[in-house]
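Structure file protein-v5.txt (compact mmCIF, C-alpha atoms) follows.
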# COMPACT_ATOMS: atom_id res chain seq x y z
CA MET Q 1 7.96 -27.53 -19.99
CA THR Q 2 4.69 -29.45 -19.60
CA ALA Q 3 1.83 -28.32 -21.84
CA GLU Q 4 -1.27 -26.90 -20.16
CA VAL Q 5 -4.04 -29.42 -19.61
CA SER Q 6 -6.93 -28.74 -21.99
CA LYS Q 7 -10.61 -28.51 -21.13
CA ASP Q 8 -11.26 -31.38 -23.54
CA GLN Q 9 -8.94 -33.61 -21.50
CA ILE Q 10 -10.81 -32.66 -18.35
CA LEU Q 11 -14.19 -33.37 -19.92
CA GLN Q 12 -12.99 -36.74 -21.22
CA ALA Q 13 -11.86 -37.72 -17.73
CA LEU Q 14 -15.13 -36.55 -16.20
CA LYS Q 15 -17.12 -38.82 -18.51
CA ARG Q 16 -16.06 -41.60 -16.15
CA VAL Q 17 -18.14 -40.05 -13.36
CA LYS Q 18 -21.76 -41.17 -13.21
CA SER Q 19 -24.53 -38.56 -13.13
CA PRO Q 20 -26.86 -38.46 -10.08
CA ASP Q 21 -29.44 -40.66 -11.86
CA LEU Q 22 -26.70 -43.31 -12.47
CA GLN Q 23 -27.96 -43.68 -16.06
CA SER Q 24 -25.35 -41.49 -17.75
CA ASP Q 25 -22.32 -39.36 -16.88
CA ILE Q 26 -22.01 -35.79 -15.62
CA VAL Q 27 -20.61 -34.52 -18.93
CA SER Q 28 -23.38 -36.01 -21.11
CA GLN Q 29 -25.94 -34.55 -18.70
CA GLU Q 30 -24.25 -31.11 -19.08
CA LEU Q 31 -23.71 -30.78 -15.34
CA VAL Q 32 -20.10 -29.53 -15.62
CA SER Q 33 -19.50 -25.78 -15.99
CA ASP Q 34 -17.10 -22.93 -15.22
CA ILE Q 35 -13.92 -24.92 -16.00
CA TYR Q 36 -10.87 -22.85 -15.10
CA VAL Q 37 -7.35 -24.08 -15.90
CA ALA Q 38 -4.12 -22.28 -15.02
CA ASP Q 39 -0.63 -23.33 -13.92
CA GLY Q 40 -1.63 -26.96 -13.39
CA LYS Q 41 -4.63 -26.03 -11.24
CA VAL Q 42 -8.15 -26.98 -12.32
CA ILE Q 43 -11.33 -25.54 -10.82
CA PHE Q 44 -14.87 -26.28 -12.02
CA SER Q 45 -18.51 -26.62 -10.95
CA ILE Q 46 -20.92 -29.55 -10.99
CA THR Q 47 -24.59 -28.60 -10.94
CA VAL Q 48 -26.83 -30.85 -8.84
CA PRO Q 49 -30.38 -30.64 -7.44
CA ALA Q 50 -30.38 -28.45 -4.34
CA ASP Q 51 -32.08 -31.05 -2.16
CA GLN Q 52 -29.41 -33.65 -3.01
CA ALA Q 53 -26.34 -31.48 -2.53
CA GLU Q 54 -25.24 -33.00 0.77
CA GLU Q 55 -25.71 -36.65 -0.26
CA LEU Q 56 -23.85 -36.09 -3.56
CA GLU Q 57 -20.58 -35.16 -1.86
CA PRO Q 58 -19.07 -38.53 -3.01
CA LEU Q 59 -19.80 -37.47 -6.61
CA ARG Q 60 -17.81 -34.28 -6.05
CA GLN Q 61 -14.93 -36.26 -4.58
CA ALA Q 62 -14.94 -38.72 -7.50
CA ALA Q 63 -14.85 -35.87 -10.02
CA GLU Q 64 -12.02 -34.20 -8.14
CA LYS Q 65 -10.00 -37.44 -8.12
CA VAL Q 66 -10.34 -38.26 -11.83
CA VAL Q 67 -9.22 -34.74 -12.75
CA ALA Q 68 -6.38 -34.71 -10.22
CA ASP Q 69 -5.11 -37.96 -11.78
CA ILE Q 70 -4.68 -36.34 -15.23
CA PRO Q 71 -0.95 -35.94 -16.01
CA GLY Q 72 0.01 -32.28 -15.66
CA VAL Q 73 -2.71 -31.45 -13.10
CA GLU Q 74 -1.20 -30.34 -9.80
CA SER Q 75 -4.48 -29.85 -7.96
CA ALA Q 76 -8.22 -29.87 -8.57
CA MET Q 77 -10.97 -27.97 -6.75
CA VAL Q 78 -14.60 -28.83 -7.44
CA ALA Q 79 -17.68 -26.93 -6.26
CA LEU Q 80 -21.12 -28.48 -6.15
CA THR Q 81 -23.61 -25.81 -7.18
CA ALA Q 82 -27.27 -26.10 -6.27
CA MET Q 83 -30.21 -25.66 -8.62
CA ARG Q 84 -33.95 -25.27 -8.24
CA LYS Q 85 -35.59 -28.54 -9.19
CA ALA Q 86 -38.28 -28.04 -11.82
CA GLY Q 87 -41.41 -29.89 -10.66
CA SER Q 88 -40.78 -33.56 -9.94
CA GLY Q 89 -39.05 -34.41 -13.22
CA PRO Q 90 -35.38 -35.23 -13.71
CA ALA Q 91 -32.73 -32.66 -13.01
CA VAL Q 92 -31.85 -30.33 -15.87
CA ARG Q 93 -28.95 -27.97 -16.24
CA PRO Q 94 -29.81 -24.52 -14.84
CA ALA Q 95 -28.25 -21.22 -15.67
CA PRO Q 96 -24.97 -21.18 -13.71
CA SER Q 97 -25.81 -17.77 -12.26
CA ALA Q 98 -28.66 -19.38 -10.31
CA ALA Q 99 -26.26 -21.64 -8.43
CA GLN Q 100 -24.81 -21.44 -4.95
CA ALA Q 101 -21.72 -23.30 -3.86
CA ALA Q 102 -23.02 -26.24 -1.82
CA ASN Q 103 -19.78 -27.52 -0.37
CA VAL Q 104 -20.30 -25.28 2.65
CA PRO Q 105 -20.90 -26.89 6.03
CA PRO Q 106 -24.34 -28.60 6.18
CA PRO Q 107 -25.90 -26.12 8.65
CA MET Q 108 -25.52 -23.39 6.01
CA GLN Q 109 -26.81 -25.26 2.97
CA ALA Q 110 -30.51 -24.47 3.42
CA GLN Q 111 -29.74 -20.79 3.81
CA ALA Q 112 -27.49 -20.82 0.74
CA ARG Q 113 -30.21 -22.50 -1.33
CA ALA Q 114 -32.75 -19.94 -0.18
CA GLN Q 115 -30.37 -17.08 -0.98
CA MET Q 116 -29.88 -18.32 -4.53
CA GLY Q 117 -33.56 -19.00 -5.15
CA GLY Q 118 -33.68 -22.74 -4.41
CA PRO Q 119 -35.96 -24.52 -1.96
CA ALA Q 120 -35.13 -23.34 1.50
CA GLY Q 121 -36.05 -26.45 3.43
CA PRO Q 122 -35.92 -26.39 7.22
CA GLN Q 123 -34.22 -23.30 8.58
CA PRO Q 124 -31.93 -23.74 11.55
CA SER Q 125 -31.53 -21.10 14.19
CA GLY Q 126 -29.41 -18.01 13.58
CA ALA Q 127 -26.59 -19.34 15.71
CA SER Q 128 -26.35 -22.61 13.79
CA GLN Q 129 -26.59 -20.86 10.42
CA GLN Q 130 -23.38 -19.05 11.24
CA ALA Q 131 -20.93 -21.70 12.33
CA GLY Q 132 -17.76 -20.07 13.61
CA VAL Q 133 -14.23 -20.83 12.47
CA PRO Q 134 -12.51 -23.16 14.97
CA GLY Q 135 -9.85 -21.37 16.99
CA VAL Q 136 -10.78 -17.88 15.77
CA GLY Q 137 -12.11 -15.60 18.49
CA ALA Q 138 -13.48 -12.76 16.35
CA ILE Q 139 -13.80 -11.97 12.65
CA ILE Q 140 -13.66 -8.34 11.48
CA ALA Q 141 -14.49 -7.25 7.94
CA VAL Q 142 -12.71 -4.25 6.41
CA ALA Q 143 -14.90 -2.94 3.61
CA SER Q 144 -15.51 -0.04 1.25
CA GLY Q 145 -18.30 0.88 -1.10
CA LYS Q 146 -15.84 1.38 -3.97
CA GLY Q 147 -12.28 0.56 -4.97
CA GLY Q 148 -9.31 2.89 -4.85
CA VAL Q 149 -9.83 4.23 -1.31
CA GLY Q 150 -6.91 2.33 0.27
CA LYS Q 151 -9.00 -0.42 1.88
CA SER Q 152 -6.35 -3.16 1.60
CA THR Q 153 -3.59 -0.90 2.92
CA THR Q 154 -5.85 0.00 5.83
CA ALA Q 155 -6.72 -3.67 6.42
CA VAL Q 156 -3.11 -4.85 6.58
CA ASN Q 157 -1.99 -1.99 8.83
CA LEU Q 158 -5.05 -2.56 11.05
CA ALA Q 159 -4.09 -6.24 11.35
CA LEU Q 160 -0.50 -5.32 12.23
CA GLY Q 161 -1.79 -2.70 14.67
CA LEU Q 162 -3.93 -5.31 16.42
CA GLN Q 163 -0.90 -7.57 16.57
CA ALA Q 164 1.26 -4.76 17.95
CA ASN Q 165 -1.36 -4.32 20.67
CA GLY Q 166 -0.80 -7.92 21.78
CA LEU Q 167 -3.35 -9.95 19.81
CA ARG Q 168 -2.87 -13.08 17.69
CA VAL Q 169 -4.00 -12.06 14.21
CA GLY Q 170 -4.74 -13.62 10.83
CA VAL Q 171 -5.72 -12.03 7.52
CA LEU Q 172 -8.10 -13.43 4.91
CA ASP Q 173 -7.80 -11.70 1.54
CA ALA Q 174 -11.40 -12.08 0.33
CA ASP Q 175 -10.86 -10.03 -2.84
CA ILE Q 176 -10.83 -12.92 -5.34
CA TYR Q 177 -10.54 -10.71 -8.42
CA GLY Q 178 -7.83 -8.40 -7.09
CA PRO Q 179 -5.91 -9.97 -4.18
CA SER Q 180 -3.44 -7.57 -2.57
CA MET Q 181 -2.05 -9.32 0.51
CA PRO Q 182 0.79 -11.25 -1.19
CA ARG Q 183 2.31 -7.97 -2.35
CA LEU Q 184 1.45 -5.91 0.73
CA LEU Q 185 3.04 -8.49 3.05
CA HIS Q 186 5.79 -9.56 0.63
CA ILE Q 187 4.74 -13.22 0.80
CA THR Q 188 5.41 -15.75 -1.94
CA GLY Q 189 4.83 -19.48 -2.13
CA ARG Q 190 1.96 -21.93 -2.12
CA PRO Q 191 -0.14 -23.09 0.85
CA GLU Q 192 0.77 -26.66 1.86
CA PRO Q 193 -1.92 -29.29 2.46
CA VAL Q 194 -2.22 -30.37 6.08
CA SER Q 195 -4.79 -33.14 5.80
CA GLY Q 196 -7.33 -33.80 3.07
CA ARG Q 197 -8.50 -30.47 1.67
CA VAL Q 198 -7.23 -28.42 4.63
CA LEU Q 199 -4.40 -25.99 3.82
CA LYS Q 200 -1.78 -24.39 6.01
CA PRO Q 201 -1.82 -20.58 5.75
CA LEU Q 202 1.30 -18.67 4.84
CA GLU Q 203 2.83 -16.22 7.30
CA GLY Q 204 4.13 -12.69 7.01
CA TYR Q 205 5.35 -10.48 9.88
CA GLY Q 206 3.73 -12.87 12.34
CA LEU Q 207 0.31 -12.76 10.62
CA LYS Q 208 -1.30 -15.95 9.30
CA VAL Q 209 -2.52 -15.16 5.78
CA MET Q 210 -4.64 -16.79 3.08
CA SER Q 211 -5.24 -15.26 -0.34
CA MET Q 212 -6.25 -16.35 -3.83
CA GLY Q 213 -3.02 -14.63 -4.82
CA PHE Q 214 -1.12 -17.60 -3.35
CA LEU Q 215 -2.99 -20.04 -5.60
CA VAL Q 216 -2.73 -18.31 -8.99
CA GLU Q 217 -0.12 -16.15 -10.68
CA GLU Q 218 -0.35 -12.41 -10.05
CA GLU Q 219 -1.29 -11.56 -13.65
CA THR Q 220 -3.81 -14.39 -14.09
CA PRO Q 221 -7.36 -12.96 -14.37
CA MET Q 222 -10.06 -14.67 -12.32
CA ILE Q 223 -12.96 -14.90 -14.77
CA TRP Q 224 -15.49 -16.45 -12.42
CA ARG Q 225 -19.21 -16.23 -11.85
CA GLY Q 226 -20.63 -15.61 -8.38
CA PRO Q 227 -20.98 -19.27 -7.28
CA MET Q 228 -17.31 -20.03 -7.90
CA VAL Q 229 -16.26 -16.92 -5.97
CA ILE Q 230 -18.49 -17.92 -3.07
CA SER Q 231 -17.11 -21.46 -3.08
CA ALA Q 232 -13.51 -20.20 -3.08
CA LEU Q 233 -14.25 -17.81 -0.20
CA THR Q 234 -15.87 -20.57 1.81
CA GLN Q 235 -12.89 -22.86 1.30
CA MET Q 236 -10.29 -20.20 2.09
CA LEU Q 237 -12.13 -19.44 5.32
CA ARG Q 238 -13.15 -22.89 6.54
CA GLU Q 239 -10.59 -25.25 4.97
CA VAL Q 240 -7.53 -23.47 6.35
CA GLN Q 241 -5.72 -24.43 9.55
CA TRP Q 242 -5.84 -21.00 11.18
CA GLY Q 243 -4.85 -22.28 14.62
CA GLU Q 244 -5.61 -20.15 17.68
CA LEU Q 245 -6.30 -16.53 16.72
CA ASP Q 246 -7.79 -13.69 18.72
CA VAL Q 247 -8.98 -12.02 15.53
CA LEU Q 248 -9.17 -12.67 11.80
CA VAL Q 249 -9.19 -9.52 9.64
CA VAL Q 250 -11.03 -10.01 6.35
CA ASP Q 251 -10.04 -7.69 3.51
CA MET Q 252 -13.37 -7.59 1.67
CA PRO Q 253 -13.73 -6.92 -2.06
CA PRO Q 254 -15.11 -3.45 -2.83
CA GLY Q 255 -18.84 -3.03 -3.36
CA THR Q 256 -21.95 -4.79 -2.10
CA GLY Q 257 -22.28 -7.92 -4.26
CA ASP Q 258 -22.52 -11.69 -3.79
CA ALA Q 259 -19.23 -12.08 -1.95
CA GLN Q 260 -20.02 -9.37 0.60
CA LEU Q 261 -23.53 -10.68 1.20
CA THR Q 262 -22.30 -14.26 1.59
CA MET Q 263 -19.60 -13.31 4.11
CA SER Q 264 -22.13 -11.23 6.05
CA GLN Q 265 -24.73 -14.00 6.19
CA GLN Q 266 -22.59 -17.11 6.57
CA VAL Q 267 -19.84 -15.86 8.87
CA PRO Q 268 -20.37 -14.66 12.46
CA LEU Q 269 -18.77 -11.27 11.89
CA ALA Q 270 -17.90 -9.39 15.08
CA GLY Q 271 -18.28 -6.21 13.05
CA ALA Q 272 -17.25 -4.21 10.01
CA VAL Q 273 -14.85 -1.31 9.53
CA ILE Q 274 -15.78 1.02 6.66
CA VAL Q 275 -12.95 2.79 4.79
CA SER Q 276 -13.64 5.96 2.79
CA THR Q 277 -11.86 9.02 1.49
CA PRO Q 278 -13.24 12.46 2.42
CA GLN Q 279 -14.88 13.49 -0.84
CA ASP Q 280 -18.63 13.23 -1.46
CA LEU Q 281 -18.41 10.62 -4.26
CA ALA Q 282 -16.54 8.18 -2.02
CA LEU Q 283 -18.90 8.83 0.88
CA ILE Q 284 -21.93 7.98 -1.27
CA ASP Q 285 -20.47 4.53 -1.91
CA ALA Q 286 -19.34 4.16 1.70
CA ARG Q 287 -22.95 4.70 2.80
CA LYS Q 288 -24.02 1.81 0.57
CA GLY Q 289 -21.52 -0.53 2.20
CA LEU Q 290 -22.49 0.65 5.65
CA ASN Q 291 -26.19 0.20 4.94
CA MET Q 292 -25.61 -3.30 3.58
CA PHE Q 293 -24.01 -4.39 6.86
CA ARG Q 294 -26.83 -2.82 8.81
CA ARG Q 295 -29.40 -4.62 6.66
CA VAL Q 296 -27.84 -7.98 7.54
CA ASP Q 297 -27.40 -7.00 11.19
CA VAL Q 298 -23.60 -6.81 11.24
CA PRO Q 299 -22.35 -4.22 13.75
CA VAL Q 300 -20.54 -1.31 12.12
CA LEU Q 301 -17.48 -0.79 14.29
CA GLY Q 302 -16.74 2.59 12.76
CA ILE Q 303 -15.43 4.58 9.81
CA VAL Q 304 -11.81 5.30 8.86
CA GLU Q 305 -11.08 8.38 6.74
CA ASN Q 306 -8.15 7.41 4.51
CA MET Q 307 -6.10 9.92 2.47
CA SER Q 308 -7.58 12.47 4.85
CA TYR Q 309 -5.01 15.21 4.19
CA PHE Q 310 -1.57 15.70 2.63
CA LEU Q 311 1.48 16.96 4.49
CA CYS Q 312 4.18 18.31 2.21
CA PRO Q 313 7.40 16.40 3.01
CA SER Q 314 9.48 19.47 2.15
CA CYS Q 315 7.68 22.35 3.85
CA GLY Q 316 5.26 20.60 6.18
CA GLU Q 317 2.29 22.51 4.78
CA ARG Q 318 -1.03 20.69 5.01
CA SER Q 319 -3.30 20.39 1.96
CA ASP Q 320 -6.80 18.86 1.99
CA ILE Q 321 -6.61 17.41 -1.51
CA PHE Q 322 -9.85 15.44 -1.29
CA GLY Q 323 -11.50 17.79 1.19
CA HIS Q 324 -11.31 16.98 4.87
CA GLY Q 325 -13.53 15.62 7.58
CA GLY Q 326 -16.23 14.23 5.31
CA ALA Q 327 -16.04 10.73 6.75
CA GLU Q 328 -15.92 12.05 10.30
CA ALA Q 329 -18.99 14.23 9.70
CA GLU Q 330 -20.76 11.26 8.11
CA ALA Q 331 -19.93 9.05 11.09
CA HIS Q 332 -21.42 11.60 13.47
CA ARG Q 333 -24.47 12.06 11.25
CA ILE Q 334 -25.38 8.37 11.17
CA GLY Q 335 -24.31 7.60 14.71
CA VAL Q 336 -21.29 5.31 14.28
CA PRO Q 337 -17.82 5.84 15.76
CA PHE Q 338 -15.17 7.73 13.82
CA LEU Q 339 -12.08 5.57 14.19
CA GLY Q 340 -9.43 7.93 12.87
CA ALA Q 341 -7.96 9.88 9.95
CA VAL Q 342 -5.00 8.54 7.97
CA PRO Q 343 -3.01 11.08 5.91
CA LEU Q 344 -2.02 10.74 2.28
CA HIS Q 345 1.73 10.31 2.71
CA MET Q 346 4.57 9.00 0.58
CA ASP Q 347 5.90 6.74 3.36
CA ILE Q 348 2.63 4.82 3.65
CA ARG Q 349 2.42 4.33 -0.11
CA GLU Q 350 6.08 3.41 -0.65
CA LYS Q 351 6.26 0.99 2.25
CA SER Q 352 3.02 -0.69 1.19
CA ASP Q 353 4.29 -1.12 -2.38
CA ALA Q 354 7.53 -2.54 -1.02
CA GLY Q 355 5.71 -5.16 1.05
CA ALA Q 356 6.73 -3.58 4.36
CA PRO Q 357 3.64 -1.83 5.81
CA VAL Q 358 4.40 1.22 7.89
CA VAL Q 359 3.24 -0.31 11.21
CA ILE Q 360 5.93 -3.00 10.97
CA SER Q 361 8.67 -1.11 9.10
CA SER Q 362 8.40 2.24 10.96
CA PRO Q 363 6.77 1.31 14.28
CA ASP Q 364 7.81 4.57 15.99
CA SER Q 365 6.42 6.83 13.27
CA ASP Q 366 3.35 9.03 13.61
CA HIS Q 367 1.64 6.99 10.90
CA ALA Q 368 2.16 3.72 12.74
CA LYS Q 369 0.72 5.28 15.88
CA ILE Q 370 -2.39 6.32 13.95
CA TYR Q 371 -2.98 2.73 12.83
CA ARG Q 372 -2.33 1.34 16.32
CA ASP Q 373 -4.81 3.83 17.76
CA ILE Q 374 -7.37 2.79 15.14
CA ALA Q 375 -6.71 -0.85 16.04
CA SER Q 376 -7.28 -0.08 19.73
CA ALA Q 377 -10.55 1.68 18.93
CA VAL Q 378 -11.70 -1.22 16.73
CA TRP Q 379 -10.94 -3.82 19.39
CA ALA Q 380 -12.69 -1.74 22.05
CA ARG Q 381 -15.78 -1.70 19.83
CA VAL Q 382 -15.58 -5.48 19.35
CA GLU Q 383 -15.53 -5.96 23.11
CA GLU Q 384 -18.47 -3.55 23.47
CA GLU Q 385 -20.47 -5.61 20.99
CA ARG Q 386 -19.56 -8.81 22.82
CA ALA Q 387 -20.75 -7.30 26.09
CA MET Q 388 -24.07 -6.49 24.39
CA GLY Q 389 -24.54 -10.15 23.55
CA GLY Q 390 -23.62 -10.38 19.85
CA ARG Q 391 -26.24 -10.87 17.18
CA GLN Q 392 -28.54 -13.36 15.55
CA ALA Q 393 -28.14 -14.00 11.83
CA PRO Q 394 -31.05 -12.78 9.73
CA ASN Q 395 -32.71 -15.04 7.19
CA ILE Q 396 -32.52 -13.03 3.98
CA VAL Q 397 -34.09 -14.50 0.87
CA VAL Q 398 -33.33 -12.86 -2.47
CA GLU Q 399 -36.38 -13.24 -4.71
Using the file provided, produce a representation of the structure as structure tokens.
Amino acid sequence: MTAEVSKDQILQALKRVKSPDLQSDIVSQELVSDIYVADGKVIFSITVPADQAEELEPLRQAAEKVVADIPGVESAMVALTAMRKAGSGPAVRPAPSAAQAANVPPPMQAQARAQMGGPAGPQPSGASQQAGVPGVGAIIAVASGKGGVGKSTTAVNLALGLQANGLRVGVLDADIYGPSMPRLLHITGRPEPVSGRVLKPLEGYGLKVMSMGFLVEEETPMIWRGPMVISALTQMLREVQWGELDVLVVDMPPGTGDAQLTMSQQVPLAGAVIVSTPQDLALIDARKGLNMFRRVDVPVLGIVENMSYFLCPSCGERSDIFGHGGAEAEAHRIGVPFLGAVPLHMDIREKSDAGAPVVISSPDSDHAKIYRDIASAVWARVEEERAMGGRQAPNIVVE
């Protein structure tokens, strides 16, 4: 068994890469940070001046190559992170939390720098800020204000429901810290490179799928700062050969942090589906997620009430364990569609845990019909938004 590559080995190799001023190397200048090593995969950041990010792409490629050539390294992924340049003096190492992954397509770099506090530079139009994903007709985010409400189970059954209704569907598991799609769809294996940095997505039940769970072991913790998460999301979205899809369903991480804001600003989302349970505590957090999408001008396609009620499998008696109708009442109150109520049922839980979601494993069941109906309602809302002319991306600067 080959020993794990050490961070010292990586740093020694990176000393062969010249710093941007060509007077030293990137290690001596303390430009390397966030080194992550696991299972032969190496991921790290190189901090560069924001206004030089695009022209320093060859530096990123050189660093990636010298690390990939280390015996025992299977693959290397390097993110350029942008910094605010202090005055006109030489670049200095910033706090990593002030960095934004700069290996996004050039039209988005100025916006990313502005978001992370760097010089904004010329701002392109809203349409060019949000370059679409080639071959993908619409991108739908499935989100929640908090974890534990069944968002990923809803996302995968929504995707399968859209597919059952005749659409070509892909799934992006955007939850870097807690990816669920490999287990929910019973997919194992590693994405294969197609050309350069472009990967071929894996497939499960006819869905094209990409997840961080395919790149690291299930029990490996992802101890990353925001810039690395943003870089990984960007690459999983834009450096994957999705092919021709009618819709890409994005299983968002819970909450309203960097990852959610980045996806909302940098991706032309057709809309967002909010998942909540009926009780007041969950609805408070659902409102936060909903308001975030509204703030960045992403259409809210509607709300799904998950774990809405419990039907006893023995006697058929209904129990409203978490209350009932809270999400529906909230949808009516704030003027967004209520997409449907999904019961708390053993079949849904067991089939999800087994990697055989209920829409595909029990297509004639009442539960599968609920998800297909939700999928129909979601797609109808997407087409309504298209008929209204879509949206322009806002220019949000976080001070």
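Note that the spacing between CA of Ser152 in chain Q and CA of Met77 in chain Q amounts to 26.6 Å.
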| query | Which of these residues is nearest to Leu261 in chain Q, using all atoms listed in the file: Q:Val342, Q:Val149, Q:Met292, Q:Val247? | reply | Q:Met292
| message | Residues within 9 Å of Ala63 in chain Q, please, as a PyMOL selection string. Count all atoms listed in the file; anything in the same chain fewer than 4 positions from it doesn't count. | response | chain Q and resi 13-14+16-17+46+58-59+67-68+78
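Distance-wise, CA of Ala272 in chain Q and CA of Met212 in chain Q end up 21.4 Å apart.
Summary of the local environment: counting all atoms listed in the file, residues at most 9 Å from Phe293 in chain Q, other than itself and those fewer than 2 positions away along its chain, are Gln260, Leu261, Ser264, Gly271, Ala272, Lys288, Gly289, Leu290, Asn291, Arg295, Val296, Asp297, Val298, Pro299 and Val300 of chain Q.
If you measure from each of Q:Gly243, Q:Pro343, Q:Gly213, Q:Gly150 to Val136 in chain Q using all atoms listed in the file, the closest one turns out to be Q:Gly243.
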| Which neighbours of range 189-197 of chain Q fall inside 9 Å, counting only C-alpha atoms, when residues of the same chain fewer than 6 positions from it are skipped, and could you give them as a list in words? | Met210, Phe214, Leu215, Gln235, Glu239, Val240 and Gln241 of chain Q
Residue subset to file, keeping C-alpha atoms, as a compact mmCIF listing (two decimals), in the coordinates of the input:
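Written output follows (again_30.txt):
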# COMPACT_ATOMS: atom_id res chain seq x y z
CA MET Q 210 -4.64 -16.79 3.08
CA PHE Q 214 -1.12 -17.60 -3.35
CA LEU Q 215 -2.99 -20.04 -5.60
CA GLN Q 235 -12.89 -22.86 1.30
CA GLU Q 239 -10.59 -25.25 4.97
CA VAL Q 240 -7.53 -23.47 6.35
CA GLN Q 241 -5.72 -24.43 9.55
| query | Of the candidates Q:Ser75, Q:Thr81, Q:Glu55, Q:Pro182, which one gets nearest to Leu31 in chain Q if we count all atoms listed in the file? | reply | Q:Thr81
| request: Dump as a PyMOL selection string all residues having an atom at most 9 Å from (-8.0, -24.5, -11.5), computed in the file's coordinates with all atoms listed in the file. | output: chain Q and resi 35-44+73+75-78+215-216
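Among the candidate residues Q:Asp175, Q:Leu233, Q:Asn157, Q:Ser352, the one lying nearest to Ala79 in chain Q is Q:Leu233, with distances computed using only C-alpha atoms.
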| note | In terms of only C-alpha atoms, the residue from Q:Leu207, Q:Ala329, Q:Leu160, Q:Ala62 at minimal distance from Pro357 in chain Q is Q:Leu160
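The interatomic distance for the pair CA of Asp173 in chain Q and CA of Leu344 in chain Q works out to 23.2 Å.
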| said: Taking 5 positions as the minimum chain separation for residues in the same chain, which residues sit within 7 Å of range 374-378 of chain Q when counting only C-alpha atoms? Answer as a ChimeraX atom specification. | reply: /Q:158,161-162,301,339-340
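Restricting the calculation to all atoms listed in the file, the smallest distance between Val66 in chain Q and any of Q:Ser45, Q:Ser24, Q:Gln9, Q:Thr154 is found for Q:Gln9.
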| request: May I have the protein, DNA and RNA residues with an atom at most 6 Å from (-15.7, 4.9, 7.5), counting all atoms listed in the file in the file's coordinates, returned as a PyMOL selection string? | output: chain Q and resi 274-276+302-305+327
